[in-house]
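Some notes on the structure that comes next.
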Amino acid sequence: MKCKNKMSKSTSYFYLFSVQLHSAGCSSETHCASCFLRFSSDREMKQEYQDLVLQACGASSLRVGAKIQTLWSGYGEIVRLHLEGCDRPSVVVKHVKFPEEAEHPGGWKTDRSHTRKVRSYQVETHWYQNYSTSQSCRIPACLAACSHGDEMLIVLEDLDAVGYDQRRTSVKDREIKACLSWLAHFHALFLDVAPEGLWPVGTYWHLETRPDELEAMDDAALKAAAADIDKILSACRFKTIVHGDAKLANFCFSPSGQDVAAVDFQYVGGGCGMKDVVYFLGSCMEEKQCEKRVPGLLDSYFAELKVAVKKDVDFAALEREWREMFAYAWTDFHRFLLGWMPGHWKINRYSKQLTKEVLHKLKR
């Protein structure tokens, strides 16, 4: 379960490239500690940076393609590179260099926010270098990694090229269950595994990392209960490694929608698996859908989890505990949203009802 390429922990402006390669002879693993990528204004790549990608992939030439996407808070972009001389049809390269002044849609441009992002890229690098999964919870393979100064580079398998080339902005029942199956197998694989080198507590909304958002909350009752909710979640007997940002946008689908892979592991770390489940469900269903469909979808998740966990696990106790944690995990994320962006569409009747139930339990 190791990706053997080594990369030092450094910081940087984030680029993600999908690299198209053609022909034969692609090497699978490369280590380079002295090279890094940078694009000039005309989107051409300097020769020394080209050499790194070419060496990592066993390709003979490349050209920079179109930008696919700008990343969060202005920390980078997604660009496609077209290459020749390799039988691997594509790879993904992440290049990180932090901008002098970050952008944020909610106005959260603080030193704490910047430090958190720095750490998130270090965690993601460590994850890809040192962890791997199974076909049942597919992630891109790590092909190479290097760093230089305040920049870092990760070369990853391109999931589009191996059958996960579909993205969804809305999903049907089959696709939701495919993602829940991915989460169940992921949580089962890492059950009781210590999150070494990752966030001690995963998810980007963990209370300890979000004091500014907590302070900004207007809901006095939830604000006062936030620490108790966090303690309850952290005191779970059954812990795993959570993806930490398991929204619909971070899943890549096969054309049929039956198979999925996941990307974006900046906030991977320890915790209760329900944190991923509630965040995923909230990312793809509105309040009326949640009220109607969540019970059945939770049954589907736990059915997959039961199949995936090792036989010596007390599954009845695991399911009982995590079902109890569902409302706490949902309320924990609701707490973050109320401080971060109080007008967010996910702040709805369903979330408020679960929060009310949790606060009532805490008063007993």
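Please note that chains go A, B, ... in the order of the structure tokens, that every chain numbers its residues from 1, and that ligands are numbered from 1 in the order shown.
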
Task: Residue list (strand (DSSP E), DSSP) for region 136-262 of chain A, as a list of chain:residue names - done: A:Cys142, A:Leu143, A:Ala144, A:Ala145, A:Cys146, A:Ser147, A:His148, A:Glu151, A:Met152, A:Leu153, A:Ile154, A:Val155, A:Leu156, A:Glu157, A:Thr240, A:Ile241, A:Val242, A:Phe251, A:Cys252, A:Phe253, A:Val260, A:Ala261, A:Ala262

TODO: Quick one: pick out all alpha helix (DSSP H) residues within region 38-266 of chain A from a backbone DSSP run and write them as a PyMOL selection string.
DONE: chain A and resi 47-57+111-130+173-189+211-216+220-234

Kindly provide the residues of region 277-347 of chain A that approach region 217-224 of chain A to within 12 Å, each paired with its closest atom pair and their distance in Å to one decimal, based on only C-alpha atoms, listed by chain and increasing number, as JSON lines.
```
{"residue": "A:Tyr328", "atom": "CA", "partner": "A:Leu222", "partner_atom": "CA", "distance": 11.5}
{"residue": "A:Thr331", "atom": "CA", "partner": "A:Leu222", "partner_atom": "CA", "distance": 8.7}
{"residue": "A:Asp332", "atom": "CA", "partner": "A:Leu222", "partner_atom": "CA", "distance": 9.2}
{"residue": "A:Phe333", "atom": "CA", "partner": "A:Leu222", "partner_atom": "CA", "distance": 11.4}
{"residue": "A:His334", "atom": "CA", "partner": "A:Leu222", "partner_atom": "CA", "distance": 9.4}
{"residue": "A:Arg335", "atom": "CA", "partner": "A:Leu222", "partner_atom": "CA", "distance": 6.9}
{"residue": "A:Phe336", "atom": "CA", "partner": "A:Met217", "partner_atom": "CA", "distance": 8.5}
{"residue": "A:Leu337", "atom": "CA", "partner": "A:Met217", "partner_atom": "CA", "distance": 8.9}
{"residue": "A:Leu338", "atom": "CA", "partner": "A:Met217", "partner_atom": "CA", "distance": 5.8}
{"residue": "A:Gly339", "atom": "CA", "partner": "A:Met217", "partner_atom": "CA", "distance": 4.3}
{"residue": "A:Trp340", "atom": "CA", "partner": "A:Met217", "partner_atom": "CA", "distance": 8.0}
{"residue": "A:Met341", "atom": "CA", "partner": "A:Met217", "partner_atom": "CA", "distance": 9.5}
{"residue": "A:Pro342", "atom": "CA", "partner": "A:Met217", "partner_atom": "CA", "distance": 8.2}
{"residue": "A:Gly343", "atom": "CA", "partner": "A:Met217", "partner_atom": "CA", "distance": 12.0}
```

Task: Contacts of Glu357 (chain A) at 12 Å (only C-alpha atoms; same-chain gap of 5+ positions) as a list in words - done: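 What passes the distance filter is Leu222, Glu324, Phe326, Ala327, Tyr328, Trp330, Thr331, Tyr350, Ser351, Lys352, Leu362, Lys363 and Arg364 of chain A.
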
Open item on the list: Neighbouring residues of region 133-136 of chain A were defined as those with any atom within 10 Å, considering only C-alpha atoms; residues of the same chain fewer than 6 positions away were excluded. Please report them as a list in words.
Closed with: Met1, Lys2, Ala178, Ser181, Trp182, Leu183, Ala184, His185, Phe186, Leu189, Phe190, Asp259, Val260, Ala261 and Ala308 of chain A

Task: Residue with smallest distance to Gly244 (chain A) - pool A:Glu124, A:Asp150, A:Asp212, A:Glu286, counting only C-alpha atoms - done: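 Of the candidates, the smallest distance to Gly244 (chain A) is held by A:Glu124.
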
Task: Close residues, Lys177 (chain A) itself excluded, 9 Å, only C-alpha atoms, min 4 positions apart in chain, as a PyMOL selection string - done: chain A and resi 172-173+181-182+258+297+300-301

For the residues selected in the previous step, produce a file with N, CA and C atoms as a PDB file, in the first residue's frame.
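The resulting file, selection.pdb, is reproduced below:
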```
ATOM      1  N   LYS A 172     -28.343  10.156 -10.065  1.00  0.00           N
ATOM      2  CA  LYS A 172     -29.466   9.262  -9.839  1.00  0.00           C
ATOM      3  C   LYS A 172     -29.118   8.308  -8.696  1.00  0.00           C
ATOM      4  N   ASP A 173     -30.091   7.505  -8.309  1.00  0.00           N
ATOM      5  CA  ASP A 173     -29.918   6.603  -7.172  1.00  0.00           C
ATOM      6  C   ASP A 173     -28.718   5.685  -7.359  1.00  0.00           C
ATOM      7  N   SER A 181     -20.852   3.275  -1.809  1.00  0.00           N
ATOM      8  CA  SER A 181     -20.076   2.036  -1.802  1.00  0.00           C
ATOM      9  C   SER A 181     -18.592   2.341  -1.745  1.00  0.00           C
ATOM     10  N   TRP A 182     -18.149   3.342  -2.531  1.00  0.00           N
ATOM     11  CA  TRP A 182     -16.743   3.751  -2.476  1.00  0.00           C
ATOM     12  C   TRP A 182     -16.366   4.148  -1.054  1.00  0.00           C
ATOM     13  N   GLN A 258     -21.821   3.236 -12.641  1.00  0.00           N
ATOM     14  CA  GLN A 258     -21.765   2.176 -11.633  1.00  0.00           C
ATOM     15  C   GLN A 258     -20.421   2.110 -10.920  1.00  0.00           C
ATOM     16  N   LEU A 297     -30.636   5.284   1.974  1.00  0.00           N
ATOM     17  CA  LEU A 297     -29.254   5.398   1.522  1.00  0.00           C
ATOM     18  C   LEU A 297     -28.278   5.033   2.642  1.00  0.00           C
ATOM     19  N   SER A 300     -28.058   1.369   2.596  1.00  0.00           N
ATOM     20  CA  SER A 300     -27.194   0.933   1.505  1.00  0.00           C
ATOM     21  C   SER A 300     -25.727   1.044   1.891  1.00  0.00           C
ATOM     22  N   TYR A 301     -25.351   2.165   2.505  1.00  0.00           N
ATOM     23  CA  TYR A 301     -23.968   2.352   2.950  1.00  0.00           C
ATOM     24  C   TYR A 301     -23.567   1.260   3.940  1.00  0.00           C
TER      25      TYR A 301
END
```

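Candidate residues A:Lys231, A:Lys356, A:His114, A:His95 were compared for distance to Leu52 (chain A), and the nearest is A:His95, using only C-alpha atoms.
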
TODO: Tell me which of A:Asp276, A:Arg112, A:Lys97, A:Trp322 sits closest to Pro211 (chain A), counting only C-alpha atoms.
DONE: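 Residue with the minimum atom-to-atom distance to Pro211 (chain A): A:Arg112.
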
Open item on the list: Considering only C-alpha atoms, can you say which of A:Arg174, A:Gln50, A:Lys306, A:Gly269 comes closest to Lys239 (chain A)?
Closed with: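 Ranking A:Arg174, A:Gln50, A:Lys306, A:Gly269 by distance to Lys239 (chain A), first place goes to A:Gly269.
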
- [ ] For Cys252 (chain A), please output as a list of chain:residue names all residues within 8 Å (counting only C-alpha atoms; exclusion window: fewer than 6 positions along the same chain).
- [x] A:Leu159, A:Tyr164, A:Asp165, A:Gln166, A:Arg167, A:Arg168, A:Val260, A:Ala261, A:Ala262, A:Val263

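CA of His126 (chain A) to CA of Met152 (chain A) spans 11.7 Å [interatomic distance, one decimal].
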
Open item on the list: Can you pull out the residues contacting Ala235 (chain A)? Cut-off 12 Å, using only C-alpha atoms, and skip same-chain residues under 5 positions away; I want them as a list of chain:residue names.
Closed with: A:Val201, A:Asp228, A:Ile229, A:Asp230, A:Gly270, A:Gly271, A:Cys272, A:Glu321, A:Trp322, A:Met325

Please write the residues from the selection above to a file, keeping N, CA, C and O atoms, as a short mmCIF file (atom, residue, chain, number, x, y, z; two decimals), in the first residue's frame.
```
data_model
loop_
_atom_site.label_atom_id
_atom_site.label_comp_id
_atom_site.auth_asym_id
_atom_site.auth_seq_id
_atom_site.Cartn_x
_atom_site.Cartn_y
_atom_site.Cartn_z
N VAL A 201 -7.34 14.74 12.72
CA VAL A 201 -8.79 14.68 12.52
C VAL A 201 -9.07 15.23 11.13
O VAL A 201 -8.79 16.39 10.84
N ASP A 228 -18.65 20.27 22.53
CA ASP A 228 -19.20 19.00 22.99
C ASP A 228 -19.49 18.07 21.82
O ASP A 228 -19.26 16.86 21.90
N ILE A 229 -20.01 18.63 20.74
CA ILE A 229 -20.28 17.81 19.55
C ILE A 229 -18.99 17.24 18.98
O ILE A 229 -18.91 16.06 18.63
N ASP A 230 -17.96 18.08 18.93
CA ASP A 230 -16.66 17.63 18.43
C ASP A 230 -16.08 16.53 19.32
O ASP A 230 -15.53 15.54 18.82
N GLY A 270 -7.98 11.24 10.22
CA GLY A 270 -8.70 10.33 11.08
C GLY A 270 -10.11 10.81 11.41
O GLY A 270 -10.43 11.98 11.28
N GLY A 271 -10.96 9.85 11.85
CA GLY A 271 -12.29 10.25 12.29
C GLY A 271 -13.36 9.21 12.06
O GLY A 271 -13.10 8.09 11.61
N CYS A 272 -14.58 9.60 12.37
CA CYS A 272 -15.76 8.76 12.18
C CYS A 272 -16.20 8.81 10.72
O CYS A 272 -16.29 9.89 10.13
N GLU A 321 -22.98 2.50 16.62
CA GLU A 321 -22.30 3.73 16.98
C GLU A 321 -22.34 4.75 15.85
O GLU A 321 -22.65 5.94 16.08
N TRP A 322 -22.06 4.33 14.63
CA TRP A 322 -22.00 5.29 13.54
C TRP A 322 -23.39 5.82 13.16
O TRP A 322 -23.52 6.98 12.77
N MET A 325 -23.95 8.54 15.39
CA MET A 325 -23.11 9.69 15.08
C MET A 325 -23.60 10.47 13.86
O MET A 325 -23.13 11.58 13.60
#
```

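If you look at CA of Phe98 (chain A) and CA of Gln129 (chain A), they are 21.1 Å away from each other.
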
- [ ] Could you check how far CA of Val91 (chain A) sits from CA of Gln55 (chain A), in Å to one decimal?
- [x]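 These atoms are spaced 12.6 Å apart.
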